[in-house]
Every structure is written in structure tokens, then in C-alpha cells.
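Participant: The structure follows.
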Amino acid sequence: MIAAKQKNGMAKRAVVTAFIAACCAGSAMAAAASQTDQFSDIDCAKDQESTLGMKVCAGRELEKTEKELKAQKQKMLQTADKDMRKSMTKWFKAGDAYAQATCEVEGQRYAGGSMQGLVIGVCLNNEYGRQLKQLKDLENRPEGG
């Protein structure tokens, strides 16, 4: 049952990532998110001045953060007992729902504009980064701490 719920969560996350990628730079960005990167000439180590460059780099960063978060969640679930896995699964779902709702609100400030997707992507990256930090802090907390 937990595996089915995790699959459902991963499917939702994949849809959200594809949506963000599409929002970030139009339909062309969806291909970039899959790392068949037609924008490979964009160097994200440098400050981007174009909206497209900002969107491509934000999409890459979001994808990286999502992978790290997913790996951390899986690692923690594998070491948890049954009751803890149940609690963590609820926590993960709530955190994902919170991040998506928060970033949807942030994006609405730019509804219809070329920056909306970028704002949503950056917001999700920040929210997922915050979740990742929380999980690592919890993992490194001493027993009973």
C-alpha cells in the first residue's frame, strides 16, 4: 500500500515538474527538463540576462532539488519502522501539497505573464530545498532529541 502511494506521489511530482518546465519557457522547455537539453549552450554557472536563460536554469535547478529530495525521502523511509513510515508518508504528502499551493499563489501574482512559470519554479525549488533541509536535520538529530 505504501509503495502504491509513493508511486502516486512520484507520478504527481512528474506531472508538476513537466508543468513547471512547460510554464518556465513554453512548450520548448518541457524537452529541456528531460535533459535532452536543446538549451545545452546555456551556462547556468553564469548570471542569465534573458528570460529564457533564467527559466532554463531554474528548471535545471528544480529538477536537481527534486531528485535530492526524493532520494532523501526514500532513504528515510527505508530505515523507518512501520509506524514511522506511515507518519512520514503523511508528512511528505502534506509538505508537497503545501509547496504546490504556496507556489501556485506566488505564481498568480504574475498570471498570464512571461514570469509566472519562472516564479513558480523558483518557489518550488525553494520549498523543496526547505523540505530537504528539514529531513536532513531530522535524520541527524540524536535519538530522543
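Chain labels A, B, ... are given in the sequence in which chains occur in the C-alpha cells; within each chain residues are numbered consecutively from 1, and ligands are likewise numbered from 1 in the order shown.
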Can you list, as a PDB file with N, CA and C atoms, in the first residue's frame, every protein, DNA or RNA residue that comes within 9 Å of Gly129 (chain A) when you count only C-alpha atoms, leaving out same-chain residues fewer than 2 positions away?
Facilitator:
```pdb
ATOM      1  N   THR A  65      16.991  19.542  -7.339  1.00  0.00           N
ATOM      2  CA  THR A  65      16.474  19.560  -5.966  1.00  0.00           C
ATOM      3  C   THR A  65      15.431  18.470  -5.765  1.00  0.00           C
ATOM      4  N   GLU A  66      14.557  18.280  -6.755  1.00  0.00           N
ATOM      5  CA  GLU A  66      13.547  17.226  -6.658  1.00  0.00           C
ATOM      6  C   GLU A  66      14.188  15.847  -6.524  1.00  0.00           C
ATOM      7  N   GLU A  68      17.176  15.141  -5.298  1.00  0.00           N
ATOM      8  CA  GLU A  68      17.778  15.048  -3.960  1.00  0.00           C
ATOM      9  C   GLU A  68      16.713  14.792  -2.899  1.00  0.00           C
ATOM     10  N   LEU A  69      15.589  15.490  -3.004  1.00  0.00           N
ATOM     11  CA  LEU A  69      14.510  15.329  -2.040  1.00  0.00           C
ATOM     12  C   LEU A  69      13.925  13.921  -2.115  1.00  0.00           C
ATOM     13  N   LEU A 124       9.018  26.564  -6.006  1.00  0.00           N
ATOM     14  CA  LEU A 124       9.063  25.133  -5.723  1.00  0.00           C
ATOM     15  C   LEU A 124      10.462  24.684  -5.345  1.00  0.00           C
ATOM     16  N   ASN A 125      11.449  25.212  -6.042  1.00  0.00           N
ATOM     17  CA  ASN A 125      12.826  24.859  -5.705  1.00  0.00           C
ATOM     18  C   ASN A 125      13.147  25.268  -4.268  1.00  0.00           C
ATOM     19  N   ASN A 126      12.712  26.455  -3.874  1.00  0.00           N
ATOM     20  CA  ASN A 126      12.947  26.924  -2.503  1.00  0.00           C
ATOM     21  C   ASN A 126      12.192  26.066  -1.486  1.00  0.00           C
ATOM     22  N   GLU A 127      10.936  25.748  -1.780  1.00  0.00           N
ATOM     23  CA  GLU A 127      10.138  24.935  -0.858  1.00  0.00           C
ATOM     24  C   GLU A 127      10.705  23.526  -0.737  1.00  0.00           C
ATOM     25  N   GLN A 131      12.276  21.631   2.546  1.00  0.00           N
ATOM     26  CA  GLN A 131      11.891  20.286   2.979  1.00  0.00           C
ATOM     27  C   GLN A 131      13.115  19.384   3.110  1.00  0.00           C
ATOM     28  N   LEU A 132      14.012  19.472   2.157  1.00  0.00           N
ATOM     29  CA  LEU A 132      15.230  18.656   2.180  1.00  0.00           C
ATOM     30  C   LEU A 132      16.050  18.963   3.426  1.00  0.00           C
ATOM     31  N   LYS A 133      16.174  20.238   3.753  1.00  0.00           N
ATOM     32  CA  LYS A 133      16.915  20.629   4.961  1.00  0.00           C
ATOM     33  C   LYS A 133      16.236  20.068   6.205  1.00  0.00           C
ATOM     34  N   GLN A 134      14.909  20.147   6.268  1.00  0.00           N
ATOM     35  CA  GLN A 134      14.175  19.600   7.414  1.00  0.00           C
ATOM     36  C   GLN A 134      14.441  18.104   7.567  1.00  0.00           C
TER      37      GLN A 134
END
```
Participant: Excluding same-chain residues fewer than 2 positions from Val122 (chain A), what lies within 12 Å of it counting only C-alpha atoms, as JSON, numbers by chain?
Facilitator: {"A": [17, 20, 21, 23, 24, 54, 55, 56, 57, 58, 59, 60, 61, 62, 63, 65, 99, 100, 102, 103, 104, 106, 107, 115, 116, 117, 118, 119, 120, 124, 125, 126, 127, 128, 129]}
Participant: Using C-alpha atoms, can you write the selected residues to a file as an mmCIF file, in the first residue's frame?
Facilitator:
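What ended up in out_36.cif:
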```cif
data_model
loop_
_atom_site.group_PDB
_atom_site.id
_atom_site.type_symbol
_atom_site.label_atom_id
_atom_site.label_comp_id
_atom_site.auth_asym_id
_atom_site.auth_seq_id
_atom_site.Cartn_x
_atom_site.Cartn_y
_atom_site.Cartn_z
ATOM 1 C CA THR A 17 7.717 19.035 -12.976
ATOM 2 C CA ILE A 20 6.646 23.784 -14.400
ATOM 3 C CA ALA A 21 9.031 23.052 -17.220
ATOM 4 C CA CYS A 23 5.456 27.096 -17.840
ATOM 5 C CA CYS A 24 9.079 28.083 -17.400
ATOM 6 C CA MET A 54 16.631 32.204 -16.326
ATOM 7 C CA LYS A 55 13.835 29.732 -16.985
ATOM 8 C CA VAL A 56 16.116 27.012 -18.308
ATOM 9 C CA CYS A 57 18.464 27.343 -15.331
ATOM 10 C CA ALA A 58 15.577 27.418 -12.855
ATOM 11 C CA GLY A 59 14.201 24.252 -14.459
ATOM 12 C CA ARG A 60 17.546 22.502 -14.148
ATOM 13 C CA GLU A 61 17.896 23.532 -10.517
ATOM 14 C CA LEU A 62 14.357 22.402 -9.702
ATOM 15 C CA GLU A 63 14.980 19.008 -11.273
ATOM 16 C CA THR A 65 16.474 19.560 -5.966
ATOM 17 C CA ALA A 99 4.632 23.613 -1.543
ATOM 18 C CA GLN A 100 2.393 23.307 -4.581
ATOM 19 C CA THR A 102 2.133 28.126 -1.871
ATOM 20 C CA CYS A 103 3.831 28.352 -5.230
ATOM 21 C CA GLU A 104 0.555 28.450 -7.115
ATOM 22 C CA GLU A 106 3.056 33.072 -5.740
ATOM 23 C CA GLY A 107 2.628 32.430 -9.444
ATOM 24 C CA MET A 115 7.497 35.366 -15.471
ATOM 25 C CA GLN A 116 4.717 33.235 -13.962
ATOM 26 C CA GLY A 117 6.369 29.882 -14.698
ATOM 27 C CA LEU A 118 9.742 31.120 -13.514
ATOM 28 C CA VAL A 119 8.270 32.370 -10.243
ATOM 29 C CA ILE A 120 6.507 29.036 -9.666
ATOM 30 C CA LEU A 124 9.063 25.133 -5.723
ATOM 31 C CA ASN A 125 12.826 24.859 -5.705
ATOM 32 C CA ASN A 126 12.947 26.924 -2.503
ATOM 33 C CA GLU A 127 10.138 24.935 -0.858
ATOM 34 C CA TYR A 128 11.673 21.573 -1.808
ATOM 35 C CA GLY A 129 15.050 22.817 -0.582
#
```
Participant: Mind the document's chain letters and residue numbers, and return as a ChimeraX atom specification the residues of region 22-137 of chain A that DSSP labels alpha helix (DSSP H).
Facilitator: /A:22-25,27-33,51-79,82-108,116-137
Participant: Expressed in Å to a single decimal, how great is the separation between CA of Arg85 (chain A) and CA of Lys136 (chain A)?
Facilitator: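 According to the coordinates, CA of Arg85 (chain A) and CA of Lys136 (chain A) are separated by 15.9 Å.
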Participant: Counting only C-alpha atoms, figure out which residue out of A:Ser50, A:Ala45, A:Pro142, A:Phe39 gets nearest to Ser114 (chain A).
Facilitator: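 When distances to Ser114 (chain A) are compared using only C-alpha atoms, the smallest one comes from A:Ser50.
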Participant: Could you state the separation of CA of Glu139 (chain A) and CA of Ala80 (chain A) in Å, given to one decimal place?
Facilitator: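 Atom-to-atom, CA of Glu139 (chain A) and CA of Ala80 (chain A) are spaced 10.6 Å apart.
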Participant: To one decimal in Å, tell me the separation between CA of Ser87 (chain A) and CA of Asn140 (chain A).
Facilitator: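 Those two atoms sit 18.0 Å apart.
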Participant: Got a sec: who's within 12 Å of Asp41 (chain A), counting only C-alpha atoms, leaving out chain neighbours fewer than 3 positions off, as a ChimeraX atom specification?
Facilitator: /A:32,37-38,44-46,52-53,56-57
